[in-house]
Amino acid sequence: MGVGNVRTVFLDRDGTINVKAAEGEYIRSPAELFLLPGAAEAIAALNAAGLRTVLVTNQRWLSEPSADPAHFDVIQERLSQLLAEQGARLDAVYHCPHAANSCDCRKPLAGMLIRAAAEHGFDLAESVMIGDSDADVAAGRAAGATTVLLRADGAGDADVVVDDLAAAVRLILA
């Protein structure tokens with residue numbers, strides 16, 4: 001892959017940067033957010049290399065009537081804090097708060113990536129989407145980005161399949 005043609009790295013959140021909640025559950029409070037080993041260092045390496053880091057995350061629980069959108073903001077503050085403690089930062093954050101099949105931003109659709117490119121003025125062909133699900137890969141592909149799937153068993157339909165974010169970043173920076 002190499003850094004030559006990559007300017008922006010899209011990152012999924014849950015299961016990519018932080019530990020994912022149990023199947024069918026969501027991270028609903030800052031206390032539930034824990035970074036995956038090596039994730040902050042990997043993002044710091046992207047920052048140091050001058051690459052733009054953009055978070056794109058589906059947060060369907062926010063579509064529930066009882067959900068408070070402010071809770072997402074507080075969880076993101078916690079994420080920023082944990083990253084900052086290790087010299088890392090996200091340059092932009094996009095999230096889809098909608099129920100499934102009700103919008104054009106929810107991954108596997110490319111809406112969040114397209115919006116980020118428009119708002120920050122970059123070329124999607126010079127971007128990489130890193131995530132732990134087929135929806136992340138599909139969104140990246142739909143946007144025209146190179147795709148990296150994080151999956152320990154090495155199986156997947158992405159351009160590249162690696163174990164974790166640190167391995168993905170090593171490839172990008174190689």
# chains A, B, ... in the order shown; residues from 1 in each chain; ligands from 1
>>> residues_around(residues="Arg7 of chain A", least_positions_apart="2", cutoff="10 Å", atoms="only C-alpha atoms", output="ChimeraX atom specification")
/A:3-5,9,46,49-53,122-128
>>> residues_around(residues="Cys105 of chain A", least_positions_apart="2", cutoff="12 Å", atoms="only C-alpha atoms", output="mmCIF file with N, CA and C atoms, in the first residue's frame")
data_model
loop_
_atom_site.group_PDB
_atom_site.id
_atom_site.type_symbol
_atom_site.label_atom_id
_atom_site.label_comp_id
_atom_site.auth_asym_id
_atom_site.auth_seq_id
_atom_site.Cartn_x
_atom_site.Cartn_y
_atom_site.Cartn_z
ATOM 1 N N VAL A 56 -15.428 7.089 11.186
ATOM 2 C CA VAL A 56 -16.760 6.897 10.594
ATOM 3 C C VAL A 56 -17.414 5.720 11.307
ATOM 4 N N THR A 57 -18.457 5.995 12.078
ATOM 5 C CA THR A 57 -19.024 4.958 12.927
ATOM 6 C C THR A 57 -20.547 4.936 12.885
ATOM 7 N N ASN A 58 -21.096 3.743 12.721
ATOM 8 C CA ASN A 58 -22.546 3.548 12.851
ATOM 9 C C ASN A 58 -22.881 3.481 14.341
ATOM 10 N N GLN A 59 -23.882 4.234 14.766
ATOM 11 C CA GLN A 59 -24.313 4.197 16.174
ATOM 12 C C GLN A 59 -25.838 4.135 16.207
ATOM 13 N N ARG A 60 -26.354 2.984 15.787
ATOM 14 C CA ARG A 60 -27.794 2.828 15.624
ATOM 15 C C ARG A 60 -28.577 3.032 16.914
ATOM 16 N N TYR A 94 -17.334 11.399 12.179
ATOM 17 C CA TYR A 94 -18.658 11.315 11.568
ATOM 18 C C TYR A 94 -19.354 10.095 12.147
ATOM 19 N N HIS A 95 -20.633 10.250 12.454
ATOM 20 C CA HIS A 95 -21.369 9.081 12.936
ATOM 21 C C HIS A 95 -22.767 9.068 12.331
ATOM 22 N N CYS A 96 -23.289 7.853 12.171
ATOM 23 C CA CYS A 96 -24.649 7.672 11.686
ATOM 24 C C CYS A 96 -25.515 7.272 12.874
ATOM 25 N N PRO A 97 -26.460 8.150 13.262
ATOM 26 C CA PRO A 97 -27.327 7.857 14.401
ATOM 27 C C PRO A 97 -28.645 7.201 13.995
ATOM 28 N N HIS A 98 -28.764 6.816 12.736
ATOM 29 C CA HIS A 98 -30.064 6.398 12.200
ATOM 30 C C HIS A 98 -30.308 4.897 12.321
ATOM 31 N N ALA A 99 -31.571 4.530 12.274
ATOM 32 C CA ALA A 99 -31.950 3.115 12.224
ATOM 33 C C ALA A 99 -31.525 2.530 10.879
ATOM 34 N N ALA A 100 -31.394 1.228 10.833
ATOM 35 C CA ALA A 100 -30.996 0.555 9.599
ATOM 36 C C ALA A 100 -31.978 0.880 8.468
ATOM 37 N N ASN A 101 -31.444 0.989 7.256
ATOM 38 C CA ASN A 101 -32.252 1.207 6.040
ATOM 39 C C ASN A 101 -33.094 2.479 6.078
ATOM 40 N N SER A 102 -32.607 3.519 6.762
ATOM 41 C CA SER A 102 -33.403 4.746 6.822
ATOM 42 C C SER A 102 -32.618 5.975 6.377
ATOM 43 N N CYS A 103 -31.403 5.761 5.853
ATOM 44 C CA CYS A 103 -30.568 6.918 5.511
ATOM 45 C C CYS A 103 -29.556 6.516 4.439
ATOM 46 N N LYS A 107 -23.067 2.806 7.136
ATOM 47 C CA LYS A 107 -22.298 1.770 6.463
ATOM 48 C C LYS A 107 -23.159 0.507 6.420
ATOM 49 N N PRO A 108 -23.232 -0.210 5.312
ATOM 50 C CA PRO A 108 -22.282 -0.303 4.200
ATOM 51 C C PRO A 108 -22.384 0.775 3.113
ATOM 52 N N LEU A 109 -23.244 1.760 3.252
ATOM 53 C CA LEU A 109 -23.274 2.852 2.283
ATOM 54 C C LEU A 109 -22.123 3.814 2.570
ATOM 55 N N ALA A 110 -21.799 4.639 1.595
ATOM 56 C CA ALA A 110 -20.579 5.451 1.672
ATOM 57 C C ALA A 110 -20.829 6.888 2.101
ATOM 58 N N GLY A 111 -22.049 7.187 2.557
ATOM 59 C CA GLY A 111 -22.417 8.578 2.832
ATOM 60 C C GLY A 111 -21.469 9.348 3.744
ATOM 61 N N MET A 112 -21.040 8.719 4.849
ATOM 62 C CA MET A 112 -20.156 9.432 5.781
ATOM 63 C C MET A 112 -18.807 9.729 5.141
ATOM 64 N N LEU A 113 -18.306 8.808 4.337
ATOM 65 C CA LEU A 113 -16.999 8.993 3.704
ATOM 66 C C LEU A 113 -17.074 10.086 2.645
ATOM 67 N N ILE A 114 -18.159 10.065 1.873
ATOM 68 C CA ILE A 114 -18.347 11.069 0.826
ATOM 69 C C ILE A 114 -18.496 12.461 1.443
ATOM 70 N N ARG A 115 -19.254 12.547 2.544
ATOM 71 C CA ARG A 115 -19.441 13.827 3.222
ATOM 72 C C ARG A 115 -18.112 14.356 3.763
ATOM 73 N N ALA A 116 -17.329 13.470 4.368
ATOM 74 C CA ALA A 116 -16.031 13.878 4.913
ATOM 75 C C ALA A 116 -15.131 14.424 3.806
ATOM 76 N N ALA A 135 -19.386 -4.491 6.486
ATOM 77 C CA ALA A 135 -20.023 -3.198 6.193
ATOM 78 C C ALA A 135 -18.978 -2.104 6.008
ATOM 79 N N ASP A 136 -17.905 -2.154 6.812
ATOM 80 C CA ASP A 136 -16.823 -1.175 6.663
ATOM 81 C C ASP A 136 -16.164 -1.318 5.293
ATOM 82 N N ALA A 139 -18.490 -0.038 2.540
ATOM 83 C CA ALA A 139 -18.545 1.431 2.514
ATOM 84 C C ALA A 139 -17.292 2.000 1.865
ATOM 85 N N ALA A 142 -17.444 1.317 -1.870
ATOM 86 C CA ALA A 142 -18.432 2.186 -2.527
ATOM 87 C C ALA A 142 -17.904 3.605 -2.691
ATOM 88 N N ALA A 143 -17.022 4.019 -1.766
ATOM 89 C CA ALA A 143 -16.452 5.367 -1.828
ATOM 90 C C ALA A 143 -15.236 5.433 -2.749
#
>>> atom_distance(atom1="atom CA of Arg151 of chain A", atom2="atom CA of Arg106 of chain A")
21.1 Å
>>> select_by_dssp(residues="segment 8-147 of chain A", states="helix (DSSP H, G or I)", output="PyMOL selection string")
chain A and resi 30-32+39-48+60-63+69-84+111-120+124-126+134-143
>>> atom_distance(atom1="atom CA of Pro69 of chain A", atom2="atom CA of Met129 of chain A")
25.2 Å
>>> residues_around(residues="Ile130 of chain A", least_positions_apart="2", cutoff="8 Å", atoms="only C-alpha atoms", output="list in words")
Val9, Phe10, Leu11, Asp12, Thr16, Val128, Asp132, Asp136, Val137, Thr147, Val148, Leu149, Leu150, Leu165 and Ala168 of chain A
>>> residues_around(residues="Glu77 of chain A", least_positions_apart="3", cutoff="12 Å", atoms="only C-alpha atoms", output="MDAnalysis selection string")
chainID A and resid 29:31 33 70:74 80:84 89:90 93
>>> write_last_selection(atoms="all heavy atoms", output="compact mmCIF listing (two decimals), in the first residue's frame")
# COMPACT_ATOMS: atom_id res chain seq x y z
N SER A 29 -21.89 4.42 27.44
CA SER A 29 -21.32 5.35 28.42
C SER A 29 -19.80 5.33 28.32
O SER A 29 -19.22 4.34 27.88
CB SER A 29 -21.75 4.96 29.84
OG SER A 29 -20.96 3.89 30.31
N PRO A 30 -19.16 6.43 28.74
CA PRO A 30 -17.70 6.52 28.64
C PRO A 30 -17.00 5.39 29.41
O PRO A 30 -15.93 4.93 29.00
CB PRO A 30 -17.38 7.88 29.27
CG PRO A 30 -18.64 8.65 29.19
CD PRO A 30 -19.77 7.67 29.24
N ALA A 31 -17.60 4.94 30.50
CA ALA A 31 -16.98 3.90 31.33
C ALA A 31 -16.85 2.57 30.58
O ALA A 31 -16.06 1.71 30.96
CB ALA A 31 -17.79 3.70 32.61
N LEU A 33 -15.89 2.30 27.44
CA LEU A 33 -14.96 2.43 26.33
C LEU A 33 -13.53 2.11 26.75
O LEU A 33 -12.98 2.76 27.63
CB LEU A 33 -15.01 3.85 25.76
CG LEU A 33 -14.18 3.98 24.48
CD1 LEU A 33 -15.08 4.01 23.26
CD2 LEU A 33 -13.31 5.21 24.50
N ALA A 70 -26.35 13.41 23.39
CA ALA A 70 -25.22 13.93 24.16
C ALA A 70 -24.35 12.80 24.68
O ALA A 70 -23.15 12.98 24.90
CB ALA A 70 -25.73 14.78 25.33
N HIS A 71 -24.93 11.61 24.86
CA HIS A 71 -24.14 10.48 25.34
C HIS A 71 -23.06 10.11 24.34
O HIS A 71 -21.95 9.72 24.73
CB HIS A 71 -25.03 9.27 25.64
CG HIS A 71 -25.87 9.44 26.86
ND1 HIS A 71 -26.77 8.50 27.29
CD2 HIS A 71 -25.94 10.45 27.76
CE1 HIS A 71 -27.36 8.94 28.40
NE2 HIS A 71 -26.88 10.11 28.69
N PHE A 72 -23.37 10.22 23.05
CA PHE A 72 -22.35 9.95 22.03
C PHE A 72 -21.18 10.91 22.19
O PHE A 72 -20.02 10.51 22.14
CB PHE A 72 -22.93 10.04 20.62
CG PHE A 72 -21.88 9.87 19.54
CD1 PHE A 72 -21.41 8.60 19.21
CD2 PHE A 72 -21.34 10.96 18.87
CE1 PHE A 72 -20.43 8.43 18.23
CE2 PHE A 72 -20.36 10.81 17.90
CZ PHE A 72 -19.91 9.53 17.58
N ASP A 73 -21.50 12.20 22.39
CA ASP A 73 -20.46 13.22 22.54
C ASP A 73 -19.55 12.93 23.73
O ASP A 73 -18.33 13.09 23.65
CB ASP A 73 -21.08 14.61 22.67
CG ASP A 73 -21.90 14.98 21.44
OD1 ASP A 73 -21.57 14.50 20.34
OD2 ASP A 73 -22.87 15.75 21.59
N VAL A 74 -20.15 12.50 24.83
CA VAL A 74 -19.37 12.22 26.04
C VAL A 74 -18.46 11.00 25.82
O VAL A 74 -17.31 10.98 26.26
CB VAL A 74 -20.31 11.99 27.26
CG1 VAL A 74 -19.52 11.67 28.51
CG2 VAL A 74 -21.17 13.22 27.49
N SER A 80 -11.25 10.61 22.79
CA SER A 80 -10.23 11.64 22.49
C SER A 80 -9.21 11.73 23.61
O SER A 80 -8.01 11.87 23.36
CB SER A 80 -10.89 13.00 22.29
OG SER A 80 -11.67 12.97 21.12
N GLN A 81 -9.70 11.66 24.84
CA GLN A 81 -8.84 11.74 26.02
C GLN A 81 -7.86 10.57 26.06
O GLN A 81 -6.66 10.76 26.25
CB GLN A 81 -9.75 11.68 27.25
CG GLN A 81 -9.30 12.42 28.45
CD GLN A 81 -10.41 12.37 29.51
OE1 GLN A 81 -11.44 11.71 29.36
NE2 GLN A 81 -10.20 13.09 30.58
N LEU A 82 -8.39 9.36 25.87
CA LEU A 82 -7.54 8.17 25.90
C LEU A 82 -6.50 8.21 24.79
O LEU A 82 -5.35 7.83 24.99
CB LEU A 82 -8.40 6.90 25.77
CG LEU A 82 -9.31 6.57 26.95
CD1 LEU A 82 -10.23 5.41 26.60
CD2 LEU A 82 -8.50 6.26 28.20
N LEU A 83 -6.91 8.67 23.60
CA LEU A 83 -5.96 8.78 22.49
C LEU A 83 -4.90 9.84 22.79
O LEU A 83 -3.70 9.62 22.58
CB LEU A 83 -6.69 9.11 21.20
CG LEU A 83 -7.59 8.02 20.62
CD1 LEU A 83 -8.36 8.54 19.42
CD2 LEU A 83 -6.80 6.77 20.25
N ALA A 84 -5.34 10.99 23.31
CA ALA A 84 -4.42 12.10 23.59
C ALA A 84 -3.35 11.69 24.60
O ALA A 84 -2.20 12.12 24.51
CB ALA A 84 -5.20 13.31 24.09
N ARG A 89 -4.59 11.58 17.87
CA ARG A 89 -5.82 12.37 17.72
C ARG A 89 -6.55 11.94 16.45
O ARG A 89 -5.95 11.42 15.50
CB ARG A 89 -5.52 13.86 17.65
CG ARG A 89 -4.79 14.24 16.37
CD ARG A 89 -4.74 15.71 16.06
NE ARG A 89 -4.35 15.84 14.66
CZ ARG A 89 -3.13 15.65 14.20
NH1 ARG A 89 -2.14 15.32 14.99
NH2 ARG A 89 -2.88 15.78 12.91
N LEU A 90 -7.86 12.19 16.45
CA LEU A 90 -8.68 12.03 15.25
C LEU A 90 -8.90 13.42 14.68
O LEU A 90 -9.20 14.36 15.42
CB LEU A 90 -10.01 11.38 15.62
CG LEU A 90 -9.91 9.96 16.19
CD1 LEU A 90 -11.22 9.55 16.82
CD2 LEU A 90 -9.49 8.98 15.09
N VAL A 93 -14.69 13.48 13.03
CA VAL A 93 -15.55 12.38 13.48
C VAL A 93 -16.91 12.49 12.79
O VAL A 93 -17.54 13.56 12.81
CB VAL A 93 -15.75 12.44 15.02
CG1 VAL A 93 -16.78 11.41 15.47
CG2 VAL A 93 -14.43 12.23 15.74
>>> closest_residue(among="A:Ala21, A:Val169, A:Ile27, A:Val6", to="Gly131 of chain A", atoms="only C-alpha atoms")
A:Val169
>>> select_by_dssp(residues="chain A", states="strand (DSSP E or B)", output="ChimeraX atom specification")
/A:8-11,14,18,35,52-58,92-96,127-131,146-150,160-162
>>> write_last_selection(atoms="N, CA and C atoms", output="compact mmCIF listing (two decimals), in the first residue's frame")
# COMPACT_ATOMS: atom_id res chain seq x y z
N THR A 8 -5.58 10.11 3.46
CA THR A 8 -6.61 10.07 4.50
C THR A 8 -6.87 8.63 4.90
N VAL A 9 -7.01 8.40 6.21
CA VAL A 9 -7.34 7.08 6.71
C VAL A 9 -8.67 7.17 7.46
N PHE A 10 -9.66 6.45 6.92
CA PHE A 10 -10.96 6.33 7.60
C PHE A 10 -10.87 5.19 8.60
N LEU A 11 -11.37 5.42 9.79
CA LEU A 11 -11.33 4.40 10.83
C LEU A 11 -12.72 4.13 11.36
N ASP A 14 -15.83 0.98 16.93
CA ASP A 14 -16.00 -0.19 17.79
C ASP A 14 -15.45 -1.44 17.12
N ASN A 18 -11.49 0.67 19.68
CA ASN A 18 -11.84 0.26 21.03
C ASN A 18 -12.51 -1.10 21.03
N LEU A 35 -9.67 1.15 24.95
CA LEU A 35 -8.91 1.05 23.71
C LEU A 35 -8.39 -0.36 23.51
N ARG A 52 -4.38 12.35 7.41
CA ARG A 52 -5.64 12.76 8.03
C ARG A 52 -6.33 11.51 8.57
N THR A 53 -6.83 11.57 9.81
CA THR A 53 -7.57 10.44 10.38
C THR A 53 -9.03 10.86 10.58
N VAL A 54 -9.94 10.07 10.02
CA VAL A 54 -11.36 10.39 10.07
C VAL A 54 -12.13 9.18 10.61
N LEU A 55 -12.82 9.39 11.72
CA LEU A 55 -13.64 8.33 12.30
C LEU A 55 -14.99 8.28 11.58
N VAL A 56 -15.43 7.09 11.19
CA VAL A 56 -16.76 6.90 10.59
C VAL A 56 -17.41 5.72 11.31
N THR A 57 -18.46 6.00 12.08
CA THR A 57 -19.02 4.96 12.93
C THR A 57 -20.55 4.94 12.88
N ASN A 58 -21.10 3.74 12.72
CA ASN A 58 -22.55 3.55 12.85
C ASN A 58 -22.88 3.48 14.34
N ALA A 92 -11.25 14.24 12.39
CA ALA A 92 -12.68 14.49 12.18
C ALA A 92 -13.45 13.25 12.62
N VAL A 93 -14.69 13.48 13.03
CA VAL A 93 -15.55 12.38 13.48
C VAL A 93 -16.91 12.49 12.79
N TYR A 94 -17.33 11.40 12.18
CA TYR A 94 -18.66 11.32 11.57
C TYR A 94 -19.35 10.09 12.15
N HIS A 95 -20.63 10.25 12.45
CA HIS A 95 -21.37 9.08 12.94
C HIS A 95 -22.77 9.07 12.33
N CYS A 96 -23.29 7.85 12.17
CA CYS A 96 -24.65 7.67 11.69
C CYS A 96 -25.51 7.27 12.87
N SER A 127 -7.58 7.54 -0.22
CA SER A 127 -7.96 7.19 1.15
C SER A 127 -8.01 5.68 1.34
N VAL A 128 -7.94 5.30 2.61
CA VAL A 128 -8.03 3.90 3.01
C VAL A 128 -9.11 3.81 4.08
N MET A 129 -9.98 2.80 3.98
CA MET A 129 -10.99 2.54 5.02
C MET A 129 -10.54 1.32 5.81
N ILE A 130 -10.38 1.48 7.13
CA ILE A 130 -9.98 0.37 8.00
C ILE A 130 -11.12 0.06 8.96
N GLY A 131 -11.57 -1.20 8.97
CA GLY A 131 -12.62 -1.59 9.90
C GLY A 131 -12.65 -3.07 10.13
N THR A 146 -9.26 2.35 -0.79
CA THR A 146 -8.64 1.05 -0.55
C THR A 146 -9.23 0.52 0.75
N THR A 147 -9.46 -0.79 0.85
CA THR A 147 -10.11 -1.32 2.05
C THR A 147 -9.19 -2.28 2.81
N VAL A 148 -9.23 -2.14 4.14
CA VAL A 148 -8.48 -3.02 5.02
C VAL A 148 -9.44 -3.58 6.06
N LEU A 149 -9.51 -4.90 6.12
CA LEU A 149 -10.37 -5.58 7.08
C LEU A 149 -9.51 -6.12 8.21
N LEU A 150 -9.94 -5.84 9.44
CA LEU A 150 -9.25 -6.37 10.62
C LEU A 150 -9.95 -7.65 11.03
N VAL A 160 -7.00 -5.78 1.64
CA VAL A 160 -6.01 -6.34 2.55
C VAL A 160 -6.72 -6.81 3.81
N VAL A 161 -6.32 -7.97 4.34
CA VAL A 161 -6.86 -8.45 5.62
C VAL A 161 -5.69 -8.64 6.57
N VAL A 162 -5.76 -7.97 7.73
CA VAL A 162 -4.70 -8.07 8.75
C VAL A 162 -5.33 -8.26 10.12
>>> closest_residue(among="A:Leu62, A:Ala166, A:Ala67, A:Ile172", to="Glu41 of chain A", atoms="only C-alpha atoms")
A:Ala166
